[in-house]
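J.: I am sharing my_file-v7.pdb, which consists of PDB, C-alpha atoms:
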MODEL        1
ATOM      1  CA  MET A 108       8.270 -11.334  15.264  1.00  0.00           C
ATOM      2  CA  ARG A 109       8.081 -14.205  12.767  1.00  0.00           C
ATOM      3  CA  SER A 110       9.855 -14.256   9.443  1.00  0.00           C
ATOM      4  CA  PRO A 111       7.498 -13.397   6.559  1.00  0.00           C
ATOM      5  CA  LEU A 112       8.469 -16.699   4.928  1.00  0.00           C
ATOM      6  CA  GLN A 113       7.945 -18.817   8.061  1.00  0.00           C
ATOM      7  CA  THR A 114       4.664 -20.736   8.272  1.00  0.00           C
ATOM      8  CA  PRO A 115       3.612 -21.691  11.832  1.00  0.00           C
ATOM      9  CA  ILE A 116       2.383 -25.273  12.297  1.00  0.00           C
ATOM     10  CA  VAL A 117      -0.803 -25.475  14.393  1.00  0.00           C
ATOM     11  CA  PHE A 118      -1.066 -29.269  14.685  1.00  0.00           C
ATOM     12  CA  CYS A 119      -0.254 -32.442  12.785  1.00  0.00           C
ATOM     13  CA  ALA A 120      -2.721 -34.861  11.217  1.00  0.00           C
ATOM     14  CA  GLY A 121      -0.522 -37.927  11.390  1.00  0.00           C
ATOM     15  CA  PRO A 122       2.597 -37.130   9.334  1.00  0.00           C
ATOM     16  CA  ILE A 123       0.920 -34.112   7.684  1.00  0.00           C
ATOM     17  CA  PRO A 124       1.576 -30.724   9.328  1.00  0.00           C
ATOM     18  CA  ILE A 125      -1.443 -28.387   9.336  1.00  0.00           C
ATOM     19  CA  THR A 126      -0.254 -24.802   9.136  1.00  0.00           C
ATOM     20  CA  GLU A 127      -1.840 -21.578  10.348  1.00  0.00           C
ATOM     21  CA  PRO A 128      -2.953 -20.305   6.894  1.00  0.00           C
ATOM     22  CA  VAL A 129      -4.669 -23.643   6.246  1.00  0.00           C
ATOM     23  CA  VAL A 130      -6.592 -23.458   9.525  1.00  0.00           C
ATOM     24  CA  VAL A 131      -7.577 -19.828   8.948  1.00  0.00           C
ATOM     25  CA  THR A 132      -8.626 -20.639   5.380  1.00  0.00           C
ATOM     26  CA  TRP A 133     -10.835 -23.456   6.638  1.00  0.00           C
ATOM     27  CA  GLY A 134     -12.406 -21.025   9.077  1.00  0.00           C
ATOM     28  CA  ILE A 135     -12.986 -18.478   6.303  1.00  0.00           C
ATOM     29  CA  MET A 136     -14.571 -21.115   4.072  1.00  0.00           C
ATOM     30  CA  PHE A 137     -16.857 -22.235   6.899  1.00  0.00           C
ATOM     31  CA  VAL A 138     -17.972 -18.657   7.586  1.00  0.00           C
ATOM     32  CA  MET A 139     -18.538 -17.951   3.876  1.00  0.00           C
ATOM     33  CA  VAL A 140     -20.480 -21.156   3.240  1.00  0.00           C
ATOM     34  CA  ALA A 141     -22.593 -20.687   6.371  1.00  0.00           C
ATOM     35  CA  GLY A 142     -23.224 -17.049   5.454  1.00  0.00           C
ATOM     36  CA  ALA A 143     -24.214 -17.986   1.894  1.00  0.00           C
ATOM     37  CA  PHE A 144     -26.566 -20.700   3.209  1.00  0.00           C
ATOM     38  CA  LEU A 145     -28.257 -18.326   5.632  1.00  0.00           C
ATOM     39  CA  ALA A 146     -28.495 -15.568   3.016  1.00  0.00           C
ATOM     40  CA  ARG A 147     -30.033 -17.997   0.508  1.00  0.00           C
ATOM     41  CA  ARG A 148     -32.731 -18.993   2.980  1.00  0.00           C
ATOM     42  CA  ARG A 149     -33.731 -15.350   3.384  1.00  0.00           C
ATOM     43  CA  LEU A 150     -34.062 -14.545  -0.325  1.00  0.00           C
ATOM     44  CA  THR A 151     -37.518 -13.325  -1.391  1.00  0.00           C
ATOM     45  CA  LEU A 152     -39.135 -12.032  -4.569  1.00  0.00           C
ATOM     46  CA  ARG A 153     -39.686  -8.714  -2.815  1.00  0.00           C
ATOM     47  CA  PRO A 154     -36.227  -7.913  -1.475  1.00  0.00           C
ATOM     48  CA  GLY A 155     -35.719  -6.019   1.723  1.00  0.00           C
ATOM     49  CA  ASN A 156     -32.929  -3.546   2.287  1.00  0.00           C
ATOM     50  CA  GLY A 157     -30.311  -6.220   2.997  1.00  0.00           C
ATOM     51  CA  GLN A 158     -31.173  -8.303  -0.065  1.00  0.00           C
ATOM     52  CA  ALA A 159     -31.335  -5.198  -2.261  1.00  0.00           C
ATOM     53  CA  MET A 160     -27.847  -4.169  -1.151  1.00  0.00           C
ATOM     54  CA  LEU A 161     -26.554  -7.697  -1.797  1.00  0.00           C
ATOM     55  CA  GLU A 162     -28.076  -7.764  -5.284  1.00  0.00           C
ATOM     56  CA  LEU A 163     -26.612  -4.331  -6.010  1.00  0.00           C
ATOM     57  CA  ALA A 164     -23.157  -5.521  -4.887  1.00  0.00           C
ATOM     58  CA  ILE A 165     -23.394  -8.620  -7.102  1.00  0.00           C
ATOM     59  CA  GLU A 166     -24.520  -6.580 -10.099  1.00  0.00           C
ATOM     60  CA  THR A 167     -21.702  -4.092  -9.512  1.00  0.00           C
ATOM     61  CA  ILE A 168     -19.081  -6.858  -9.345  1.00  0.00           C
ATOM     62  CA  HIS A 169     -20.525  -8.479 -12.485  1.00  0.00           C
ATOM     63  CA  ARG A 170     -20.481  -5.176 -14.369  1.00  0.00           C
ATOM     64  CA  GLN A 171     -16.915  -4.406 -13.292  1.00  0.00           C
ATOM     65  CA  LEU A 172     -15.720  -7.829 -14.412  1.00  0.00           C
ATOM     66  CA  SER A 173     -17.567  -7.590 -17.737  1.00  0.00           C
ATOM     67  CA  ASP A 174     -16.021  -4.182 -18.387  1.00  0.00           C
ATOM     68  CA  ALA A 175     -12.553  -5.494 -17.545  1.00  0.00           C
ATOM     69  CA  MET A 176     -12.916  -8.546 -19.780  1.00  0.00           C
ATOM     70  CA  GLY A 177     -14.652  -6.843 -22.681  1.00  0.00           C
ATOM     71  CA  VAL A 178     -17.188  -9.705 -22.799  1.00  0.00           C
ATOM     72  CA  ASP A 179     -20.110 -10.884 -20.692  1.00  0.00           C
ATOM     73  CA  ALA A 180     -18.531 -12.276 -17.513  1.00  0.00           C
ATOM     74  CA  THR A 181     -21.466 -14.542 -16.580  1.00  0.00           C
ATOM     75  CA  ARG A 182     -19.640 -17.755 -17.507  1.00  0.00           C
ATOM     76  CA  TYR A 183     -16.660 -16.830 -15.340  1.00  0.00           C
ATOM     77  CA  PHE A 184     -18.553 -15.057 -12.578  1.00  0.00           C
ATOM     78  CA  PRO A 185     -18.727 -17.972 -10.079  1.00  0.00           C
ATOM     79  CA  LEU A 186     -14.937 -18.371 -10.089  1.00  0.00           C
ATOM     80  CA  LEU A 187     -14.081 -14.670 -10.122  1.00  0.00           C
ATOM     81  CA  ALA A 188     -16.675 -13.636  -7.547  1.00  0.00           C
ATOM     82  CA  THR A 189     -15.549 -16.445  -5.245  1.00  0.00           C
ATOM     83  CA  LEU A 190     -11.944 -15.299  -5.600  1.00  0.00           C
ATOM     84  CA  PHE A 191     -12.932 -11.723  -4.777  1.00  0.00           C
ATOM     85  CA  LEU A 192     -15.055 -12.615  -1.745  1.00  0.00           C
ATOM     86  CA  TYR A 193     -12.432 -14.995  -0.373  1.00  0.00           C
ATOM     87  CA  LEU A 194      -9.660 -12.436  -0.823  1.00  0.00           C
ATOM     88  CA  LEU A 195     -11.787  -9.725   0.751  1.00  0.00           C
ATOM     89  CA  VAL A 196     -12.444 -11.800   3.866  1.00  0.00           C
ATOM     90  CA  ALA A 197      -8.914 -13.224   3.961  1.00  0.00           C
ATOM     91  CA  ASN A 198      -7.222  -9.840   3.646  1.00  0.00           C
ATOM     92  CA  LEU A 199      -9.419  -8.258   6.320  1.00  0.00           C
ATOM     93  CA  CYS A 200      -9.467 -11.113   8.833  1.00  0.00           C
ATOM     94  CA  GLY A 201      -6.252  -9.695  10.272  1.00  0.00           C
ATOM     95  CA  MET A 202      -8.477  -7.118  11.999  1.00  0.00           C
ATOM     96  CA  VAL A 203      -9.425  -9.918  14.394  1.00  0.00           C
ATOM     97  CA  PRO A 204      -6.836 -10.077  17.202  1.00  0.00           C
ATOM     98  CA  GLY A 205      -4.621 -13.135  17.033  1.00  0.00           C
ATOM     99  CA  ILE A 206      -5.371 -13.922  13.377  1.00  0.00           C
ATOM    100  CA  THR A 207      -2.873 -13.412  10.579  1.00  0.00           C
ATOM    101  CA  PRO A 208      -4.371 -13.160   7.062  1.00  0.00           C
ATOM    102  CA  PRO A 209      -3.610 -16.331   5.091  1.00  0.00           C
ATOM    103  CA  THR A 210      -2.660 -14.087   2.161  1.00  0.00           C
ATOM    104  CA  ALA A 211       0.265 -12.827   4.258  1.00  0.00           C
ATOM    105  CA  PHE A 212       1.839 -16.284   3.835  1.00  0.00           C
ATOM    106  CA  VAL A 213       3.330 -16.926   0.409  1.00  0.00           C
ATOM    107  CA  GLN A 214       1.635 -20.328   0.044  1.00  0.00           C
ATOM    108  CA  THR A 215      -1.870 -18.856  -0.188  1.00  0.00           C
ATOM    109  CA  PRO A 216      -1.151 -16.275  -2.924  1.00  0.00           C
ATOM    110  CA  ALA A 217       0.793 -18.986  -4.783  1.00  0.00           C
ATOM    111  CA  ALA A 218      -2.193 -21.352  -4.634  1.00  0.00           C
ATOM    112  CA  LEU A 219      -4.595 -18.624  -5.789  1.00  0.00           C
ATOM    113  CA  ALA A 220      -2.279 -17.632  -8.645  1.00  0.00           C
ATOM    114  CA  LEU A 221      -2.107 -21.280  -9.743  1.00  0.00           C
ATOM    115  CA  ILE A 222      -5.916 -21.465  -9.728  1.00  0.00           C
ATOM    116  CA  VAL A 223      -5.976 -18.474 -12.074  1.00  0.00           C
ATOM    117  CA  PHE A 224      -3.205 -20.015 -14.209  1.00  0.00           C
ATOM    118  CA  PHE A 225      -5.115 -23.260 -14.743  1.00  0.00           C
ATOM    119  CA  ALA A 226      -8.428 -21.426 -15.173  1.00  0.00           C
ATOM    120  CA  VAL A 227      -6.939 -19.392 -18.040  1.00  0.00           C
ATOM    121  CA  HIS A 228      -5.917 -22.544 -19.886  1.00  0.00           C
ATOM    122  CA  TYR A 229      -9.134 -24.387 -19.049  1.00  0.00           C
ATOM    123  CA  TYR A 230     -11.356 -21.653 -20.443  1.00  0.00           C
ATOM    124  CA  GLY A 231      -9.003 -21.123 -23.388  1.00  0.00           C
ATOM    125  CA  VAL A 232      -9.132 -24.792 -24.402  1.00  0.00           C
ATOM    126  CA  ARG A 233     -12.868 -24.899 -23.777  1.00  0.00           C
ATOM    127  CA  SER A 234     -13.437 -21.900 -26.067  1.00  0.00           C
ATOM    128  CA  MET A 235     -10.945 -22.622 -28.872  1.00  0.00           C
ATOM    129  CA  GLY A 236     -10.320 -26.326 -28.640  1.00  0.00           C
ATOM    130  CA  LEU A 237      -6.926 -27.732 -27.737  1.00  0.00           C
ATOM    131  CA  ALA A 238      -5.353 -27.222 -31.163  1.00  0.00           C
ATOM    132  CA  GLY A 239      -6.710 -23.711 -31.575  1.00  0.00           C
ATOM    133  CA  TYR A 240      -5.587 -22.679 -28.113  1.00  0.00           C
ATOM    134  CA  LEU A 241      -2.075 -24.011 -28.640  1.00  0.00           C
ATOM    135  CA  LYS A 242      -1.870 -22.172 -31.957  1.00  0.00           C
ATOM    136  CA  SER A 243      -2.728 -18.918 -30.182  1.00  0.00           C
ATOM    137  CA  PHE A 244       0.687 -19.038 -28.487  1.00  0.00           C
ATOM    138  CA  ALA A 245       2.318 -18.651 -31.902  1.00  0.00           C
ATOM    139  CA  LYS A 246       0.535 -15.373 -32.691  1.00  0.00           C
ATOM    140  CA  PRO A 247       1.297 -13.021 -34.323  1.00  0.00           C
ATOM    141  CA  THR A 248       4.279 -15.093 -35.494  1.00  0.00           C
ATOM    142  CA  VAL A 249       5.826 -18.385 -34.426  1.00  0.00           C
ATOM    143  CA  LEU A 250       8.836 -16.407 -33.175  1.00  0.00           C
ATOM    144  CA  MET A 251       6.621 -15.176 -30.307  1.00  0.00           C
ATOM    145  CA  LEU A 252       6.015 -18.711 -29.024  1.00  0.00           C
ATOM    146  CA  PRO A 253       8.791 -18.700 -26.368  1.00  0.00           C
ATOM    147  CA  LEU A 254       7.882 -15.202 -25.177  1.00  0.00           C
ATOM    148  CA  ASN A 255       4.198 -16.066 -24.934  1.00  0.00           C
ATOM    149  CA  VAL A 256       4.962 -19.192 -22.889  1.00  0.00           C
ATOM    150  CA  VAL A 257       7.302 -17.292 -20.566  1.00  0.00           C
ATOM    151  CA  GLY A 258       4.707 -14.531 -20.269  1.00  0.00           C
ATOM    152  CA  GLN A 259       2.142 -17.028 -18.946  1.00  0.00           C
ATOM    153  CA  ILE A 260       4.556 -18.012 -16.179  1.00  0.00           C
ATOM    154  CA  THR A 261       5.828 -14.553 -15.278  1.00  0.00           C
ATOM    155  CA  ARG A 262       2.390 -12.969 -15.009  1.00  0.00           C
ATOM    156  CA  THR A 263       1.273 -15.786 -12.710  1.00  0.00           C
ATOM    157  CA  PHE A 264       4.350 -15.182 -10.568  1.00  0.00           C
ATOM    158  CA  SER A 265       3.716 -11.426 -10.502  1.00  0.00           C
ATOM    159  CA  LEU A 266       0.108 -12.061  -9.459  1.00  0.00           C
ATOM    160  CA  MET A 267       1.360 -14.058  -6.489  1.00  0.00           C
ATOM    161  CA  VAL A 268       4.099 -11.609  -5.506  1.00  0.00           C
ATOM    162  CA  ARG A 269       1.837  -8.541  -5.706  1.00  0.00           C
ATOM    163  CA  LEU A 270      -0.760  -9.992  -3.345  1.00  0.00           C
ATOM    164  CA  PHE A 271       1.738 -11.535  -0.934  1.00  0.00           C
ATOM    165  CA  GLY A 272       3.989  -8.475  -0.826  1.00  0.00           C
ATOM    166  CA  ASN A 273       1.240  -5.959  -0.120  1.00  0.00           C
ATOM    167  CA  ILE A 274      -0.580  -7.962   2.550  1.00  0.00           C
ATOM    168  CA  MET A 275       2.577  -9.254   4.257  1.00  0.00           C
ATOM    169  CA  SER A 276       4.210  -5.832   4.339  1.00  0.00           C
ATOM    170  CA  GLY A 277       1.126  -4.305   5.949  1.00  0.00           C
ATOM    171  CA  GLU A 278       1.106  -6.939   8.690  1.00  0.00           C
ATOM    172  CA  PHE A 279       4.858  -6.606   9.178  1.00  0.00           C
ATOM    173  CA  MET A 280       4.753  -2.808   9.411  1.00  0.00           C
ATOM    174  CA  ILE A 281       1.907  -2.776  11.933  1.00  0.00           C
ATOM    175  CA  GLY A 282       3.696  -5.393  14.031  1.00  0.00           C
ATOM    176  CA  ILE A 283       6.868  -3.296  14.174  1.00  0.00           C
ATOM    177  CA  ILE A 284       5.025  -0.088  15.078  1.00  0.00           C
ATOM    178  CA  LEU A 285       2.924  -1.908  17.666  1.00  0.00           C
ATOM    179  CA  ALA A 286       6.080  -3.268  19.273  1.00  0.00           C
ATOM    180  CA  PHE A 287       7.736   0.140  19.564  1.00  0.00           C
ATOM    181  CA  ALA A 288       4.915   2.679  19.765  1.00  0.00           C
ATOM    182  CA  GLY A 289       2.208   1.082  21.891  1.00  0.00           C
ATOM    183  CA  LEU A 290      -1.379   0.064  21.280  1.00  0.00           C
ATOM    184  CA  PHE A 291      -3.206   3.125  19.932  1.00  0.00           C
ATOM    185  CA  LEU A 292      -0.814   4.635  17.392  1.00  0.00           C
ATOM    186  CA  PRO A 293      -1.338   1.863  14.776  1.00  0.00           C
ATOM    187  CA  ILE A 294      -5.120   2.569  14.569  1.00  0.00           C
ATOM    188  CA  PRO A 295      -4.745   4.846  11.488  1.00  0.00           C
ATOM    189  CA  LEU A 296      -2.547   2.168   9.930  1.00  0.00           C
ATOM    190  CA  LEU A 297      -5.273  -0.403  10.519  1.00  0.00           C
ATOM    191  CA  ALA A 298      -7.640   1.802   8.522  1.00  0.00           C
ATOM    192  CA  LEU A 299      -5.035   1.943   5.772  1.00  0.00           C
ATOM    193  CA  GLU A 300      -4.671  -1.831   5.902  1.00  0.00           C
ATOM    194  CA  ILE A 301      -8.430  -2.189   5.353  1.00  0.00           C
ATOM    195  CA  VAL A 302      -8.163  -0.042   2.237  1.00  0.00           C
ATOM    196  CA  VAL A 303      -5.152  -2.032   1.022  1.00  0.00           C
ATOM    197  CA  GLY A 304      -6.965  -5.334   1.650  1.00  0.00           C
ATOM    198  CA  VAL A 305     -10.011  -4.263  -0.363  1.00  0.00           C
ATOM    199  CA  VAL A 306      -7.909  -2.807  -3.184  1.00  0.00           C
ATOM    200  CA  GLN A 307      -5.716  -5.913  -3.426  1.00  0.00           C
ATOM    201  CA  ALA A 308      -8.779  -8.189  -3.579  1.00  0.00           C
ATOM    202  CA  TYR A 309     -10.136  -6.017  -6.388  1.00  0.00           C
ATOM    203  CA  ILE A 310      -6.841  -5.864  -8.314  1.00  0.00           C
ATOM    204  CA  PHE A 311      -6.219  -9.620  -8.062  1.00  0.00           C
ATOM    205  CA  THR A 312      -9.737 -10.406  -9.298  1.00  0.00           C
ATOM    206  CA  VAL A 313      -9.628  -7.901 -12.156  1.00  0.00           C
ATOM    207  CA  LEU A 314      -6.228  -9.182 -13.286  1.00  0.00           C
ATOM    208  CA  ALA A 315      -7.570 -12.748 -13.153  1.00  0.00           C
ATOM    209  CA  ALA A 316     -10.505 -11.618 -15.306  1.00  0.00           C
ATOM    210  CA  VAL A 317      -8.160  -9.932 -17.796  1.00  0.00           C
ATOM    211  CA  PHE A 318      -5.944 -13.032 -18.018  1.00  0.00           C
ATOM    212  CA  ILE A 319      -8.964 -15.269 -18.647  1.00  0.00           C
ATOM    213  CA  ALA A 320     -10.267 -12.810 -21.249  1.00  0.00           C
ATOM    214  CA  ALA A 321      -6.889 -12.940 -22.988  1.00  0.00           C
ATOM    215  CA  GLY A 322      -7.107 -16.727 -23.036  1.00  0.00           C
ATOM    216  CA  VAL A 323     -10.539 -16.774 -24.726  1.00  0.00           C
ATOM    217  CA  GLY A 324     -10.459 -13.393 -26.474  1.00  0.00           C
ATOM    218  CA  ALA A 325      -9.616 -14.749 -29.930  1.00  0.00           C
ATOM    219  CA  VAL A 326     -13.045 -16.407 -29.992  1.00  0.00           C
ATOM    220  CA  GLU A 327     -15.333 -14.361 -27.751  1.00  0.00           C
ATOM    221  CA  ALA A 328     -14.007 -10.854 -28.351  1.00  0.00           C
ATOM    222  CA  GLY A 329     -13.815 -11.461 -32.112  1.00  0.00           C
TER     223      GLY A 329
ENDMDL
END
Could you render the structure from this file as C-alpha cells?
T.:
Amino acid sequence: MRSPLQTPIVFCAGPIPITEPVVVTWGIMFVMVAGAFLARRRLTLRPGNGQAMLELAIETIHRQLSDAMGVDATRYFPLLATLFLYLLVANLCGMVPGITPPTAFVQTPAALALIVFFAVHYYGVRSMGLAGYLKSFAKPTVLMLPLNVVGQITRTFSLMVRLFGNIMSGEFMIGIILAFAGLFLPIPLLALEIVVGVVQAYIFTVLAAVFIAAGVGAVEAG
C-alpha cells in the first residue's frame, strides 16, 4: 500500500513527470466538459424530466450558496459551482476500480485551496478597490492586522487539510480492510465513502463561499 504522501508518476513529458492525480484530473475535466456540451445541446424551452432535475439542482446549489454568503451568489456561482461539481466527481471517482481520487493526494487539495485563496483577494479587490481591501485587514483596529493576515493563511491551510485528510483516510481505511478481510466486507464502507465524498464537496464549497463573502462583505453585505 502506497504512502498517503507519495504521488505515483504515470509517465514523463520530457523532463516533466506527469503524476496520477494530474492524469485523473484531466480525465475528470474531459468527462465534465463533454457532459456539459452534450447537456447544452439538449436544452429546450420546455424541459423534460432530465432538464427539470438539472435546473432544480442548479437552483438548489445557487440558493444554498446565497444563504451561506448572505448575498446573491450569482457573481461567484461559476467558480463555486465548478468547484463543487469537480470535487463531487473527484471524490467519487474512487468507486471506479483502479482509480484513486485526486483529492486523496495532497497536491490537489492544496491547488484547490490556493484557487479559493486567490479568489477571495480577487473579489475583495474588485469590490472594494485595492486600498479599501488592504484597509479591511486593519479592522476593527490596526492591532488586528497581523492576526488577520495569519488568519488568511491558516484558513487556507485548514481548507486543504480537511479535504485531503477525509478523502485520503477513507481510501486508506478501505485499502487496509480490503487487504485483510476480502472483497465483500468493504461494501458498506464504500457507501460511507460516497456520503463522505458528497459531504466534503459541499463543505469545501460552502467554506469557499463564506471566505469570499468575508472578503467582499464590507461592501456587499453593508
J.: Please list, as a list in words, the residues that have an atom at most 9 Å away from (3.4, -20.8, 2.3) in the coordinates of this file, counting all atoms listed in the file.
T.: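 These residues have at least one counted atom within 9 Å: Leu112, Gln113, Thr114, Thr126, Pro128, Pro209, Ala211, Phe212, Val213, Gln214, Thr215, Pro216, Ala217 and Ala218 of chain A.
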J.: Emit as lines of an AutoDock Vina configuration file the padded axis-aligned box for all listed atoms of segment 217-226 of chain A, 5 Å per side, with centre and edge lengths in Å to one decimal.
T.:
center_x = -3.8
center_y = -20.4
center_z = -9.9
size_x = 19.2
size_y = 15.6
size_z = 20.5
J.: Of the candidates A:Thr167, A:Asn255, A:Ser173, A:Asn273, which one gets nearest to Phe311 of chain A if we count only C-alpha atoms?
T.: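 Nearest to Phe311 of chain A: A:Asn273.
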J.: Tell me, as a list in words, which residues lie within 8 Å of Val303 of chain A, counting only C-alpha atoms; anything in the same chain fewer than 3 positions away does not count.
T.: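 These residues fall inside the cut-off: Asn273, Ile274, Leu299, Glu300, Val306 and Gln307 of chain A.
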J.: Between A:Gly177, A:Pro115, A:Gly157, A:Gly322, which residue has the minimum interatomic distance to Arg233 of chain A, considering all atoms listed in the file?
T.: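 That would be A:Gly322, the residue with the smallest distance to Arg233 of chain A.
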J.: Since I can't run it myself right now, could you work out what the PyMOL selection byres ((chain A and resi 135) around 10) selects here and report it as a ChimeraX atom specification?
T.: /A:129-134,136-141,193-194,196-197,200,209
J.: Mind pulling up the distance from atom CA of Arg269 of chain A to atom CA of Gly231 of chain A?
T.: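 So the answer is 24.3 Å.
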J.: Within 10 Å of Met235 of chain A, counting only C-alpha atoms, which residues qualify if same-chain residues fewer than 2 places away don't, as a PDB file with C-alpha atoms, keeping the file's coordinate frame?
T.:
ATOM      1  CA  TYR A 230     -11.356 -21.653 -20.443  1.00  0.00           C
ATOM      2  CA  GLY A 231      -9.003 -21.123 -23.388  1.00  0.00           C
ATOM      3  CA  VAL A 232      -9.132 -24.792 -24.402  1.00  0.00           C
ATOM      4  CA  ARG A 233     -12.868 -24.899 -23.777  1.00  0.00           C
ATOM      5  CA  LEU A 237      -6.926 -27.732 -27.737  1.00  0.00           C
ATOM      6  CA  ALA A 238      -5.353 -27.222 -31.163  1.00  0.00           C
ATOM      7  CA  GLY A 239      -6.710 -23.711 -31.575  1.00  0.00           C
ATOM      8  CA  TYR A 240      -5.587 -22.679 -28.113  1.00  0.00           C
ATOM      9  CA  LEU A 241      -2.075 -24.011 -28.640  1.00  0.00           C
ATOM     10  CA  LYS A 242      -1.870 -22.172 -31.957  1.00  0.00           C
ATOM     11  CA  SER A 243      -2.728 -18.918 -30.182  1.00  0.00           C
ATOM     12  CA  GLY A 322      -7.107 -16.727 -23.036  1.00  0.00           C
ATOM     13  CA  VAL A 323     -10.539 -16.774 -24.726  1.00  0.00           C
ATOM     14  CA  GLY A 324     -10.459 -13.393 -26.474  1.00  0.00           C
ATOM     15  CA  ALA A 325      -9.616 -14.749 -29.930  1.00  0.00           C
ATOM     16  CA  VAL A 326     -13.045 -16.407 -29.992  1.00  0.00           C
ATOM     17  CA  GLU A 327     -15.333 -14.361 -27.751  1.00  0.00           C
TER      18      GLU A 327
END
J.: As an exercise, work out the distance from atom CA of Gly272 of chain A to atom CA of Val305 of chain A in Å and give it to one decimal place.
T.: 14.6 Å
J.: How many Å lie between atom CA of Asn156 of chain A and atom CA of Leu192 of chain A, rounded to one decimal?
T.: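 Going from atom CA of Asn156 of chain A over to atom CA of Leu192 of chain A covers 20.4 Å.
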J.: Check which residues satisfy the PyMOL selection byres ((chain A and resi 190) around 10) in the file shown, then give them as a list of chain:residue names.
T.: A:Phe184, A:Pro185, A:Leu186, A:Leu187, A:Ala188, A:Thr189, A:Phe191, A:Leu192, A:Tyr193, A:Leu194, A:Leu195, A:Leu219, A:Ile222, A:Val223, A:Ala308, A:Tyr309, A:Phe311, A:Thr312, A:Ala315
